[in-house]
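A.B. asks: Handing you this structure, nothing more for now.
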Amino acid sequence: MSNQALFDLLAKTPDAAVGTTGAFAAQGRLPAQHLAVEVGELGWLACPVPPDQAQALQAVSAPAHFGHHDQTPLDLSVRDGGEIHADLLGLRWAPGAFAALQRQVSEALGIEGLEAHLHNLLVYGPGQFFKPHQDTEKLPRMVASLVLVLPSAHLGGALRIFHGEHVLSLASQQLLETEVRWVAFFADCQHEVLPVEEGWRIALTFNLVLPKTPAVAALSSSLQTDVQQALQQVMTQGDSGRLLPWVMLLDHEYTEHGLRWGLLKGSDRWRVAALRQAARNLGLTSHLALAELHQSWMAEPAPSARSRRNPRPEMVPGELIEEQLTLDIWVDAQDDICSRQGVSVDPDDLLSFVETGADHLVNEEYEGYMGNYGETLDYWYRRAALVLMTPLAALRSQFELDFDQALAETRGFAAQAAQPDQQALLASRVSAVSPALARHARDRGRELLAAYADIAAALPDDAAAHALLQGFSAHRFQPEDALALARLEQGRGTAWMLSLLQAWADPPSDPRWKVAWANGSRQMQAPTLWPERLVAFTQACVTAGVSSPLLSAWADAHHQALVRFDAARSTASPANRQSLQRHGLAALKPLSEALCLMPEGRLKALRALLAHVTAHAGLYPLTSLAPWVQALAQAKVPGLAVPELRAQVVQSLQQARDQAVRLPADHSLRQVEWTCRCGDCSAMLRWAESSTDQPLVMPLAESRRLHVQQQIAAAGAPLKVQILKQGSPYKLVLDKPTDLLAQDLATRERWAQELAGLLH
């Protein structure tokens, strides 16, 4: 639903609203005889202030500092003038004059009960000025500033106040001798004092502070009703209402400390009050927040710079690339900062009465050519906002702002959701926050399993429960997760758990089995096949009461993971297969031990594993299976063909042991799987398989050298490779290992030990 109706209602100051003027600044007059000013040892100022007394004020004043963020530096290029602190000043008001002035200023700014606190007296002489700046919040609840210009002869020194495109000026040189001119403006307004041309400009400044319990202006009942109806239309989307925060950017600027319900300024006060009342009636939640708008633009030279052929022209925004609005520094109904986490909203789906522009700019950056993009300009703007949310939108935001707390509350609600209406409400909540739930499950994994499982067990719909949990990676589970899995099976049933396990075991595009080209050969990373502590995990599942059908399905999933791993690594390069062989061999023992814990079907599962291993002798050489055979024998599973496998392994080890021992002069490389037979690789292969210990020097162009190096790496050949940068082309120098005999003897010793273990 469009925001236009709300915009039309809130764009103008309503006549029926008391004290709701939208003015950013106001000015007025005060009879000069209503105020007398005393300055320390100088005594009472004359009216008008004569030049000699003005010069005396300048002499006793201190150089004026200026506020910049949380500091007050002294810089005469920014501010040149004198100030006398309030401690040295005395004011004598005519009866009722000060109270009348405060009422007049409050009405002009649209805020009831403003209190004026004297800050200082300012003196600007010839040539002195104050460049555009913004007042800092000097006191708690300060929202504005008040300036009283005393009658004194001078030219120039006009005060100019800016808010967006609006400007208010006070030309004090036209001041009558019989009056004091005042001007009040909100603290977020930029303002400046133009240079004094002649004479002396003298002014008192006050901080305007809200009372501790400020009054809130009320709209007419008819206008309030119209606002509520328009807001209801905006917040109604489908059966559950709007699922995203609704945002209205405020007109005025606020700091983190100044963004409070009672400290709102100008039109922000009555607009927020009206919307907040409507939100309460509609069951919506209200927050204040600071908003950061980030825009990225294509940068292009300014037209004038382009015409001058400037080698480094000024860059200006061209085409908008991206725009992001993030809400942070959230303030709740009790005026407490409830979160500092950011929540992204659509910058095109909000209400604003003031264009975001230079007044809100806090940072900008220029980035040169980056490849995917050309030159870019980035701008960051800071605004304040009112944020309204339906209950489900508030829940979504809570999951973004404090996920763990929101998850704990949802889990607690799930534990009490016994009635159909409660379960339906739980389902709508889970659906509303499903993006956040899926993202955190993906990022944080099993640490969230117990909470998700308890919520899923209480959901009324099987598909919703499945969707909630399918993002977990079952191969990362730990024994501590067994109880949650058992509770989940009890809550949703074994058939449902079997379908979930299938989704876990066979996710789309599982990256674990990915084999990709790298450095000229096909390679894959060693995957995580199943829970790291597989035996303990299986035992924990048995103890927790996981059903036999589910345990059998889990065992089959582990077996299929090994099958997929073996199928993938069979297509990898010889070197990669060699490095992964240890990973495959190490997987056999924990998998078989876990299968032995199965209450049912363990013999069938172990036979399938045995058949797979013996069918892939290239991946599982018989000479490497002795430790696994011993583990199987110790398990003593009746009907398992362990003796047959043991006999095959013994025979293989004996044959390997009986081979002739390498001679000391034999430096040939054996059992290297070469994949290329081109001319360069064939010459290298003949040298590698020869008994010589002399290096091979191959003068090759760079592309041919690189090819030979890649083939050596792909084959996993233990050669030392060097480039001799002499002559043209450079030379590829290959050396064989010097400890081939020692390696062979160590391998034969291992075979002998494993053979002895199998025979005794």
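Chain lettering (A, B, ...) mirrors the order of the structure tokens, residue numbering begins at 1 for each chain separately, and ligand numbering begins at 1 in order of display.
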Which neighbours of Ala158 (chain A) fall inside 12 Å, counting only C-alpha atoms, when residues of the same chain fewer than 2 positions from it are skipped, and could you give them as an mmCIF file with C-alpha atoms, in the first residue's frame?

C.D. replies:
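Wrote result03.cif, looks like this:
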```cif
data_model
loop_
_atom_site.group_PDB
_atom_site.id
_atom_site.type_symbol
_atom_site.label_atom_id
_atom_site.label_comp_id
_atom_site.auth_asym_id
_atom_site.auth_seq_id
_atom_site.Cartn_x
_atom_site.Cartn_y
_atom_site.Cartn_z
ATOM 1 C CA TYR A 124 32.247 40.385 17.302
ATOM 2 C CA GLN A 128 35.262 38.971 12.974
ATOM 3 C CA PHE A 129 32.918 36.137 11.987
ATOM 4 C CA PHE A 130 31.762 32.574 12.602
ATOM 5 C CA LYS A 131 31.662 30.212 9.611
ATOM 6 C CA VAL A 149 21.287 40.586 19.976
ATOM 7 C CA HIS A 154 27.439 48.020 13.791
ATOM 8 C CA LEU A 155 27.329 47.064 10.130
ATOM 9 C CA GLY A 156 27.376 43.474 8.859
ATOM 10 C CA ARG A 160 22.036 33.196 8.835
ATOM 11 C CA ILE A 161 20.371 29.897 9.767
ATOM 12 C CA LEU A 168 16.365 32.535 7.939
ATOM 13 C CA SER A 169 18.424 35.739 8.345
ATOM 14 C CA LEU A 170 18.666 38.262 11.150
ATOM 15 C CA ALA A 171 20.254 41.523 9.956
ATOM 16 C CA SER A 172 21.086 42.980 13.343
ATOM 17 C CA GLN A 173 22.605 46.155 11.855
ATOM 18 C CA GLN A 174 19.021 47.405 11.466
ATOM 19 C CA LEU A 175 18.342 46.960 15.189
ATOM 20 C CA ARG A 181 16.169 41.138 18.722
ATOM 21 C CA VAL A 183 16.249 34.391 17.193
ATOM 22 C CA HIS A 191 24.196 28.702 10.998
ATOM 23 C CA GLU A 192 26.814 31.380 10.513
ATOM 24 C CA VAL A 193 27.684 34.941 11.541
ATOM 25 C CA LEU A 194 28.831 37.004 8.583
ATOM 26 C CA PRO A 195 31.870 39.292 9.088
ATOM 27 C CA VAL A 196 31.229 42.516 10.981
ATOM 28 C CA GLU A 197 32.149 45.426 8.718
ATOM 29 C CA TRP A 200 30.521 45.865 17.463
ATOM 30 C CA ARG A 201 27.927 43.083 17.431
ATOM 31 C CA ILE A 202 27.028 41.962 20.991
ATOM 32 C CA ALA A 203 24.758 38.999 21.716
#
```

A.B. asks: For Ser548 (chain A), find every residue with an atom within 10 Å (counting only C-alpha atoms), except residues of its own chain fewer than 3 positions away, and show them as a list of chain:residue names.

C.D. replies: A:Thr494, A:Cys541, A:Val542, A:Gly545, A:Leu551, A:Ser552, A:Ala553, A:Trp554, A:Met598, A:Pro599, A:Glu600, A:Gly601

A.B. asks: Rounded to one decimal in Å, what is the spacing between CA of Leu591 (chain A) and CA of Trp751 (chain A)?

C.D. replies: 23.9 Å

A.B. asks: Point out the residue among A:Trp44, A:Phe399, A:Phe477, A:Tyr379 with the least atom-to-atom distance to Pro435 (chain A), counting only C-alpha atoms.

C.D. replies: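 Between A:Trp44, A:Phe399, A:Phe477, A:Tyr379, the residue approaching Pro435 (chain A) most closely is A:Phe399.
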
A.B. asks: Between A:Gly258, A:Pro245, A:Pro301, A:Gly43, which is the closest to Thr136 (chain A) once you count only C-alpha atoms?

C.D. replies: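 Between A:Gly258, A:Pro245, A:Pro301, A:Gly43, the residue approaching Thr136 (chain A) most closely is A:Gly258.
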
A.B. asks: Using DSSP on the backbone, list every residue of region 369-604 of chain A that comes out as helix (DSSP H, G or I), and give them as a PyMOL selection string.

C.D. replies: chain A and resi 391-401+403-416+420-432+434-458+462-469+474-476+479-492+494-505+511-513+534-544+548-569+574-596+602-604

A.B. asks: What lies within 6 Å of Leu377 (chain A) using only C-alpha atoms, ignoring chain neighbours under 4 positions off, as a list in words?

C.D. replies: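 My list of contacting residues is Ser296, Trp297, Ala299, Glu365 and Tyr366 of chain A.
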
A.B. asks: Using only C-alpha atoms, determine which residues lie at most 8 Å from Leu669 (chain A), disregarding the query and same-chain residues fewer than 6 positions distant; provide the list as a ChimeraX atom specification.

C.D. replies: /A:688-690

A.B. asks: Per residue of region 355-466 of chain A within 12 Å of region 229-236 of chain A, record the nearest atom pair and its distance in Å to one decimal, counting only C-alpha atoms, with rows in chain order and ascending residue number, as a Markdown table.

C.D. replies:
```
| residue | atom | partner | partner_atom | distance |
| --- | --- | --- | --- | --- |
| A:Val387 | CA | A:Met235 | CA | 11.9 |
| A:Leu388 | CA | A:Met235 | CA | 8.9 |
| A:Met389 | CA | A:Met235 | CA | 8.0 |
| A:Thr390 | CA | A:Met235 | CA | 7.2 |
| A:Pro391 | CA | A:Met235 | CA | 10.8 |
| A:Leu392 | CA | A:Met235 | CA | 11.2 |
| A:Ala393 | CA | A:Met235 | CA | 10.0 |
```

A.B. asks: Those selected residues, please, written with N, CA and C atoms and delivered as a compact mmCIF listing (two decimals), in the first residue's frame.

C.D. replies:
```
# COMPACT_ATOMS: atom_id res chain seq x y z
N VAL A 387 10.23 4.04 13.40
CA VAL A 387 10.05 2.70 12.84
C VAL A 387 8.82 2.06 13.48
N LEU A 388 7.86 1.68 12.66
CA LEU A 388 6.66 0.99 13.13
C LEU A 388 6.64 -0.42 12.56
N MET A 389 6.19 -1.37 13.37
CA MET A 389 6.19 -2.77 12.93
C MET A 389 4.97 -3.50 13.44
N THR A 390 4.44 -4.38 12.58
CA THR A 390 3.43 -5.34 13.02
C THR A 390 4.11 -6.35 13.95
N PRO A 391 3.32 -7.15 14.68
CA PRO A 391 3.97 -8.14 15.57
C PRO A 391 4.94 -9.06 14.83
N LEU A 392 4.57 -9.52 13.61
CA LEU A 392 5.48 -10.40 12.89
C LEU A 392 6.69 -9.64 12.34
N ALA A 393 6.48 -8.41 11.92
CA ALA A 393 7.63 -7.60 11.48
C ALA A 393 8.55 -7.32 12.65
```

A.B. asks: Any idea what's packed within 8 Å of Ala540 (chain A), counting only C-alpha atoms, ignoring anything in its chain fewer than 2 positions away? Could you give it as a list in words?

C.D. replies: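 Answer for this query is Pro479, Glu480, Ala482, Leu483, Ala536, Phe537, Thr538, Val542, Thr543 and Ala544 of chain A.
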
A.B. asks: Generate a file of the selected residues that holds N, CA and C atoms, formatted as an mmCIF file, in the first residue's frame.

C.D. replies:
```
data_model
loop_
_atom_site.group_PDB
_atom_site.id
_atom_site.type_symbol
_atom_site.label_atom_id
_atom_site.label_comp_id
_atom_site.auth_asym_id
_atom_site.auth_seq_id
_atom_site.Cartn_x
_atom_site.Cartn_y
_atom_site.Cartn_z
ATOM 1 N N PRO A 479 28.217 -36.005 19.263
ATOM 2 C CA PRO A 479 27.425 -36.879 20.152
ATOM 3 C C PRO A 479 26.416 -36.108 20.992
ATOM 4 N N GLU A 480 26.733 -34.869 21.332
ATOM 5 C CA GLU A 480 25.816 -34.077 22.160
ATOM 6 C C GLU A 480 24.499 -33.780 21.448
ATOM 7 N N ALA A 482 22.651 -35.996 19.883
ATOM 8 C CA ALA A 482 21.817 -37.196 19.783
ATOM 9 C C ALA A 482 20.473 -37.020 20.491
ATOM 10 N N LEU A 483 20.465 -36.389 21.665
ATOM 11 C CA LEU A 483 19.208 -36.218 22.392
ATOM 12 C C LEU A 483 18.223 -35.365 21.604
ATOM 13 N N ALA A 536 31.359 -42.366 18.724
ATOM 14 C CA ALA A 536 30.683 -41.792 19.895
ATOM 15 C C ALA A 536 29.311 -41.253 19.518
ATOM 16 N N PHE A 537 29.186 -40.668 18.329
ATOM 17 C CA PHE A 537 27.889 -40.153 17.877
ATOM 18 C C PHE A 537 26.885 -41.297 17.719
ATOM 19 N N THR A 538 27.329 -42.394 17.105
ATOM 20 C CA THR A 538 26.422 -43.537 16.918
ATOM 21 C C THR A 538 25.996 -44.125 18.256
ATOM 22 N N VAL A 542 22.152 -44.424 19.866
ATOM 23 C CA VAL A 542 21.583 -45.663 20.391
ATOM 24 C C VAL A 542 21.086 -45.438 21.813
ATOM 25 N N THR A 543 21.912 -44.798 22.634
ATOM 26 C CA THR A 543 21.551 -44.561 24.028
ATOM 27 C C THR A 543 20.354 -43.626 24.147
ATOM 28 N N ALA A 544 20.269 -42.612 23.254
ATOM 29 C CA ALA A 544 19.174 -41.641 23.323
ATOM 30 C C ALA A 544 17.848 -42.219 22.863
#
```

A.B. asks: Calculated over only C-alpha atoms, which of the candidates A:Leu290, A:Ala384, A:Leu448, A:Leu500 has the smallest distance to Ala465 (chain A)?

C.D. replies: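 Residue with the minimum atom-to-atom distance to Ala465 (chain A): A:Leu500.
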
A.B. asks: Which polymer residues have any atom within 12 Å of an atom of Arg686 (chain A), counting only C-alpha atoms, with same-chain residues fewer than 4 positions away left out, as an MDAnalysis selection string?

C.D. replies: chainID A and resid 668:670 674 677:682 690:692 696
